[in-house]
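start-v3.pdb, holding PDB, C-alpha atoms and all ligand atoms:
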```
MODEL        1
ATOM      1  CA  MET Y   1     108.871  98.491  98.221
ATOM      2  CA  GLN Y   2     106.072  97.231 100.437
ATOM      3  CA  ALA Y   3     105.710  93.507 100.094
ATOM      4  CA  LEU Y   4     103.772  91.053 102.215
ATOM      5  CA  ASN Y   5     105.306  87.698 102.803
ATOM      6  CA  ILE Y   6     102.520  85.154 102.385
ATOM      7  CA  ALA Y   7     104.605  82.009 102.047
ATOM      8  CA  ASN Y   8     103.210  79.238 104.230
ATOM      9  CA  MET Y   9     100.641  81.593 105.717
ATOM     10  CA  ALA Y  10      97.886  79.735 107.517
ATOM     11  CA  PRO Y  11      94.272  80.878 107.053
ATOM     12  CA  GLY Y  12      93.358  83.544 109.575
ATOM     13  CA  HIS Y  13      93.397  87.243 110.348
ATOM     14  CA  TYR Y  14      96.635  89.137 110.531
ATOM     15  CA  GLU Y  15      97.268  92.727 111.368
ATOM     16  CA  GLU Y  16     100.397  94.810 111.362
ATOM     17  CA  THR Y  17     101.356  98.458 111.455
ATOM     18  CA  ARG Y  18     104.157  99.656 109.254
ATOM     19  CA  GLN Y  19     105.805 102.875 108.365
ATOM     20  CA  ALA Y  20     107.169 103.622 104.924
ATOM     21  CA  SER Y  21     109.045 106.543 103.491
ATOM     22  CA  ALA Y  22     107.980 108.254 100.280
ATOM     23  CA  ALA Y  23     110.991 106.641  98.622
ATOM     24  CA  ASP Y  24     109.794 103.177  99.691
ATOM     25  CA  LEU Y  25     106.659 103.803  97.639
ATOM     26  CA  ASP Y  26     108.505 105.390  94.705
ATOM     27  CA  LEU Y  27     106.954 108.724  95.580
ATOM     28  CA  HIS Y  28     110.179 110.641  96.048
ATOM     29  CA  GLU Y  29     109.567 112.656  92.886
ATOM     30  CA  ARG Y  30     106.321 114.039  94.274
ATOM     31  CA  ASP Y  31     107.162 117.071  96.405
ATOM     32  CA  GLU Y  32     103.968 116.666  98.440
ATOM     33  CA  PHE Y  33     105.196 113.498 100.092
ATOM     34  CA  GLN Y  34     107.961 114.233 102.591
ATOM     35  CA  ALA Y  35     106.634 112.701 105.789
ATOM     36  CA  PRO Y  36     106.575 108.996 106.563
ATOM     37  CA  ILE Y  37     103.430 107.088 105.646
ATOM     38  CA  THR Y  38     101.876 105.019 108.419
ATOM     39  CA  MET Y  39      99.928 101.953 107.337
ATOM     40  CA  VAL Y  40      97.701  99.549 109.202
ATOM     41  CA  ILE Y  41      97.669  96.407 107.093
ATOM     42  CA  ARG Y  42      94.998  93.774 107.655
ATOM     43  CA  ILE Y  43      95.160  90.426 105.935
ATOM     44  CA  ASP Y  44      92.371  87.887 105.847
ATOM     45  CA  LYS Y  45      93.606  84.625 104.480
ATOM     46  CA  ALA Y  46      91.104  81.971 103.424
ATOM     47  CA  SER Y  47      91.759  78.786 101.513
ATOM     48  CA  ASP Y  48      90.739  80.338  98.211
ATOM     49  CA  GLU Y  49      91.615  84.000  98.639
ATOM     50  CA  LEU Y  50      93.560  86.659 100.431
ATOM     51  CA  ILE Y  51      91.983  89.996 101.251
ATOM     52  CA  VAL Y  52      94.315  92.838 102.105
ATOM     53  CA  THR Y  53      93.141  96.199 103.369
ATOM     54  CA  VAL Y  54      95.444  99.073 104.119
ATOM     55  CA  ASP Y  55      94.510 102.169 106.070
ATOM     56  CA  TRP Y  56      97.231 104.716 105.540
ATOM     57  CA  GLN Y  57      97.872 108.199 106.791
ATOM     58  CA  THR Y  58     100.505 110.809 106.257
ATOM     59  CA  VAL Y  59     101.022 114.561 106.165
ATOM     60  CA  ILE Y  60     101.577 116.283 102.858
ATOM     61  CA  SER Y  61     103.659 119.407 102.372
ATOM     62  CA  GLY Y  62     103.032 122.133  99.865
ATOM     63  CA  SER Y  63     102.144 125.756  99.528
ATOM     64  CA  CYS Y  64      98.786 127.464  99.471
ATOM     65  CA  ASP Y  65      97.487 127.958  95.923
ATOM     66  CA  ARG Y  66      96.284 131.451  96.825
ATOM     67  CA  CYS Y  67      98.801 133.001  99.205
ATOM     68  CA  ALA Y  68     101.792 130.694  98.642
ATOM     69  CA  ASP Y  69     102.323 130.172 102.385
ATOM     70  CA  PRO Y  70     103.906 126.815 103.142
ATOM     71  CA  LEU Y  71     101.425 124.351 104.573
ATOM     72  CA  GLN Y  72     101.080 120.812 105.829
ATOM     73  CA  ILE Y  73      97.845 118.873 105.562
ATOM     74  CA  PRO Y  74      97.003 115.459 106.995
ATOM     75  CA  LEU Y  75      95.932 112.986 104.343
ATOM     76  CA  SER Y  76      94.514 109.508 104.809
ATOM     77  CA  ASP Y  77      92.645 106.878 102.855
ATOM     78  CA  ALA Y  78      92.223 103.143 102.570
ATOM     79  CA  LEU Y  79      92.546 100.569  99.867
ATOM     80  CA  ALA Y  80      91.511  96.976  99.542
ATOM     81  CA  MET Y  81      93.023  94.283  97.392
ATOM     82  CA  VAL Y  82      91.699  90.820  96.711
ATOM     83  CA  TYR Y  83      94.073  88.069  95.692
ATOM     84  CA  THR Y  84      92.448  84.891  94.558
ATOM     85  CA  TYR Y  85      93.841  81.407  94.133
ATOM     86  CA  ASP Y  86      90.998  80.528  91.784
ATOM     87  CA  PRO Y  87      91.541  81.508  88.129
ATOM     88  CA  GLN Y  88      87.752  81.502  87.622
ATOM     89  CA  GLU Y  89      87.379  84.310  90.133
ATOM     90  CA  ARG Y  90      89.744  86.610  88.357
ATOM     91  CA  GLY Y  91      87.409  88.804  86.311
ATOM     92  CA  GLU Y  92      88.769  90.214  83.078
ATOM     93  CA  GLU Y  93      87.856  93.755  83.991
ATOM     94  CA  ASP Y  94      88.522  93.821  87.679
ATOM     95  CA  GLU Y  95      91.906  95.355  88.419
ATOM     96  CA  ASP Y  96      91.490  94.911  92.152
ATOM     97  CA  VAL Y  97      91.259  91.129  91.979
ATOM     98  CA  LEU Y  98      94.620  89.602  91.257
ATOM     99  CA  LEU Y  99      95.476  86.004  90.682
ATOM    100  CA  ILE Y 100      98.036  84.283  92.873
ATOM    101  CA  SER Y 101      98.979  80.668  93.247
ATOM    102  CA  GLU Y 102      99.960  78.395  96.102
ATOM    103  CA  SER Y 103     103.587  79.032  95.200
ATOM    104  CA  THR Y 104     103.256  82.838  95.457
ATOM    105  CA  ARG Y 105     105.640  83.817  98.223
ATOM    106  CA  GLU Y 106     104.847  87.499  98.472
ATOM    107  CA  VAL Y 107     102.513  90.153  97.125
ATOM    108  CA  ASP Y 108     103.766  93.638  96.399
ATOM    109  CA  LEU Y 109     101.535  96.498  97.505
ATOM    110  CA  THR Y 110     103.821  99.288  96.305
ATOM    111  CA  ASP Y 111     101.995 100.239  93.098
ATOM    112  CA  HIS Y 112      98.552 100.083  94.710
ATOM    113  CA  LEU Y 113      99.655 102.200  97.630
ATOM    114  CA  ARG Y 114     101.339 104.768  95.418
ATOM    115  CA  GLN Y 115      98.186 105.114  93.315
ATOM    116  CA  SER Y 116      96.008 105.441  96.392
ATOM    117  CA  LEU Y 117      98.212 108.210  97.802
ATOM    118  CA  ILE Y 118      98.320 110.173  94.557
ATOM    119  CA  LEU Y 119      94.568 109.848  94.019
ATOM    120  CA  ALA Y 120      93.920 111.167  97.516
ATOM    121  CA  LEU Y 121      95.780 114.421  96.874
ATOM    122  CA  PRO Y 122      93.445 117.417  96.997
ATOM    123  CA  LEU Y 123      93.043 119.264  93.690
ATOM    124  CA  LYS Y 124      93.584 122.559  95.426
ATOM    125  CA  LEU Y 125      95.831 123.258  98.381
ATOM    126  CA  LEU Y 126      94.522 126.052 100.567
ATOM    127  CA  CYS Y 127      95.941 127.128 103.921
ATOM    128  CA  ARG Y 128      92.338 127.713 104.947
ATOM    129  CA  GLU Y 129      89.027 127.835 103.133
ATOM    130  CA  GLU Y 130      88.715 131.618 103.387
ATOM    131  CA  CYS Y 131      92.309 132.463 102.422
ATOM    132  CA  LYS Y 132      92.295 135.926 100.837
ATOM    133  CA  GLY Y 133      95.398 135.328  98.744
ATOM    134  CA  LEU Y 134      97.856 137.880  97.462
ATOM    135  CA  CYS Y 135      97.093 141.304  96.009
ATOM    136  CA  SER Y 136      97.612 141.012  92.272
ATOM    137  CA  HIS Y 137      99.189 144.500  92.173
ATOM    138  CA  CYS Y 138     101.611 144.753  95.098
ATOM    139  CA  GLY Y 139     101.794 141.124  96.175
ATOM    140  CA  ALA Y 140     100.745 141.857  99.761
ATOM    141  CA  ASN Y 141      99.432 138.830 101.642
ATOM    142  CA  LEU Y 142      95.855 139.974 102.230
ATOM    143  CA  ASN Y 143      95.488 137.552 105.153
ATOM    144  CA  ASN Y 144      97.995 139.594 107.140
ATOM    145  CA  GLU Y 145      97.665 143.125 105.815
ATOM    146  CA  SER Y 146      95.483 145.262 103.654
ATOM    147  CA  CYS Y 147      97.038 147.316 100.905
ATOM    148  CA  SER Y 148      95.926 150.542  99.286
ATOM    149  CA  CYS Y 149      95.830 149.273  95.728
ATOM    150  CA  PRO Y 150      92.684 150.123  93.754
ATOM    151  CA  PRO Y 151      90.312 147.179  93.356
ATOM    152  CA  ASP Y 152      90.956 144.974  90.346
ATOM    153  CA  PRO Y 153      89.604 146.361  87.093
ATOM    154  CA  LEU Y 154      86.628 144.422  85.833
ATOM    155  CA  ASP Y 155      87.199 141.520  83.542
ATOM    156  CA  PRO Y 156      86.447 142.785  79.994
ATOM    157  CA  ARG Y 157      83.814 140.079  79.609
ATOM    158  CA  TRP Y 158      81.913 141.549  82.537
ATOM    159  CA  GLU Y 159      82.356 145.097  81.341
ATOM    160  CA  LYS Y 160      80.036 144.445  78.428
ATOM    161  CA  LEU Y 161      77.452 143.054  80.785
ATOM    162  CA  GLU Y 162      77.774 146.055  83.028
ATOM    163  CA  GLN Y 163      77.259 148.397  80.086
ATOM    164  CA  LEU Y 164      74.122 146.497  79.200
ATOM    165  CA  LEU Y 165      72.845 146.717  82.754
ATOM    166  CA  ASN Y 166      73.611 150.435  82.994
ATOM    167  CA  ARG Y 167      71.783 151.120  79.772
ATOM    168  CA  LYS Y 168      68.655 149.652  81.269
ATOM    169  CA  LYS Y 169      68.772 151.930  84.298
TER     170      LYS Y 169
HETATM  171 ZN    ZN L   1      96.569 130.794 101.764
HETATM  172 ZN    ZN L   2      98.063 145.729  96.763
ENDMDL
END
```
Please express what this file holds, its structure, as structure tokens.
Amino acid sequence: MQALNIANMAPGHYEETRQASAADLDLHERDEFQAPITMVIRIDKASDELIVTVDWQTVISGSCDRCADPLQIPLSDALAMVYTYDPQERGEEDEDVLLISESTREVDLTDHLRQSLILALPLKLLCREECKGLCSHCGANLNNESCSCPPDPLDPRWEKLEQLLNRKK
């Protein structure tokens, strides 16, 4: 859990750096998150609102989608939350503006942070952009070796096209 204690906080700018584990953010079921997550938390407290921004960074672990080599990739992003003391300011639709009151003692950033981390995950994990992957016949890692397998047969959908093209020649 990552909570900010805002009880009796005077208006002003506050900054702190924290480190959390994946478990602290309820991310322990996501294999990508093994390393600690470093966060720079900035709080701007005014009389009517509290603005919290978090710049976080971590390193994710996984394996390349093409060659299956283990890899680690740095990942970072930021999120901003607005907490307002004024019920009028809390728009119906706006999930990033949350209502708090003078008696609110702490705000919990856990869910927002977890979402931000998951959303920042790349769709594809590649050890490098030009990874050649594994041979579909012998399984050789084509980044490290070349094999003597014949090239992949054409996809049947392309075969028709090729026939058409050949006919024209
Ligand atoms: Zn790879
Ligand atoms: Zn091969």
Legend entry - Nearest candidate to ligand ZN 1 (chain L) (options Y:Cys131, Y:Ala80, Y:Ala20, Y:Cys149; using all atoms listed in the file):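 Residue with the minimum atom-to-atom distance to ligand ZN 1 (chain L): Y:Cys131.
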Inset, instruction - Run the PyMOL selection byres (((chain Y and resi 32) around 8) and not hetatm) against the file shown and list the residues it catches, as a PyMOL selection string. - result: chain Y and resi 30-31+33-34+60-62
Inset, instruction - Pick out the closest residue to ligand ZN 1 (chain L) from this set: Y:Lys132, Y:Arg105, Y:His28, Y:Arg114. Count only C-alpha atoms and all ligand atoms. - result: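 Comparing Y:Lys132, Y:Arg105, Y:His28, Y:Arg114 against ligand ZN 1 (chain L), the winner is Y:Lys132.
The list of residues with at least one atom within 10 Å of Y:Pro151, based on all atoms listed in the file and without residues fewer than 5 positions apart in the same chain, reads Y:Cys135, Y:Ser136, Y:His137.
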Pull out every residue that the PyMOL selection byres (((not hetatm)) within 10 of (chain L and resi 2)) matches in the shown coordinates and put them as a compact mmCIF listing (two decimals) with C-alpha atoms, in the coordinates of the input.
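This went into expr-v4.txt:
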```
# COMPACT_ATOMS: atom_id res chain seq x y z
CA LEU Y 134 97.86 137.88 97.46
CA CYS Y 135 97.09 141.30 96.01
CA SER Y 136 97.61 141.01 92.27
CA HIS Y 137 99.19 144.50 92.17
CA CYS Y 138 101.61 144.75 95.10
CA GLY Y 139 101.79 141.12 96.18
CA ALA Y 140 100.74 141.86 99.76
CA ASN Y 141 99.43 138.83 101.64
CA LEU Y 142 95.86 139.97 102.23
CA GLU Y 145 97.66 143.12 105.82
CA SER Y 146 95.48 145.26 103.65
CA CYS Y 147 97.04 147.32 100.90
CA SER Y 148 95.93 150.54 99.29
CA CYS Y 149 95.83 149.27 95.73
CA PRO Y 150 92.68 150.12 93.75
CA PRO Y 151 90.31 147.18 93.36
CA ASP Y 152 90.96 144.97 90.35
```
Legend entry - Spatial neighbours of Y:Val59, max dist 12 Å, only C-alpha atoms, sep filter under 4 positions, as a ChimeraX atom specification: /Y:21-22,31-38,71-77,117,120-121
Six-sided padding of 3 Å per side, axis-aligned box over stretch 123-131 of chain Y, centre and edges in Å, one decimal, as lines of an AutoDock Vina configuration file:
```
center_x = 92.3
center_y = 125.9
center_z = 99.3
size_x = 13.2
size_y = 19.2
size_z = 17.3
```
Inset, instruction - Might you pull out every residue within 8 Å of Y:Thr110, with all atoms listed in the file counted and same-chain residues fewer than 6 positions away left off, and present them as an NGL selection string? - result: :Y and (1-3 or 24-26)
Output the selection as a compact mmCIF listing (two decimals), in the frame of the given file - C-alpha atoms for each residue.
```txt
# COMPACT_ATOMS: atom_id res chain seq x y z
CA MET Y 1 108.87 98.49 98.22
CA GLN Y 2 106.07 97.23 100.44
CA ALA Y 3 105.71 93.51 100.09
CA ASP Y 24 109.79 103.18 99.69
CA LEU Y 25 106.66 103.80 97.64
CA ASP Y 26 108.50 105.39 94.70
```
Legend entry - Exercise answer, 10 Å around ligand ZN 1 (chain L) with all atoms listed in the file, as number ranges by chain: Y: 63-71, 125-134, 141-143
Legend entry - Interatomic distance, atom CA of Y:Tyr85 to atom CA of Y:Trp56 (Å, one decimal):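 Distance reported for this atom pair: 26.2 Å.
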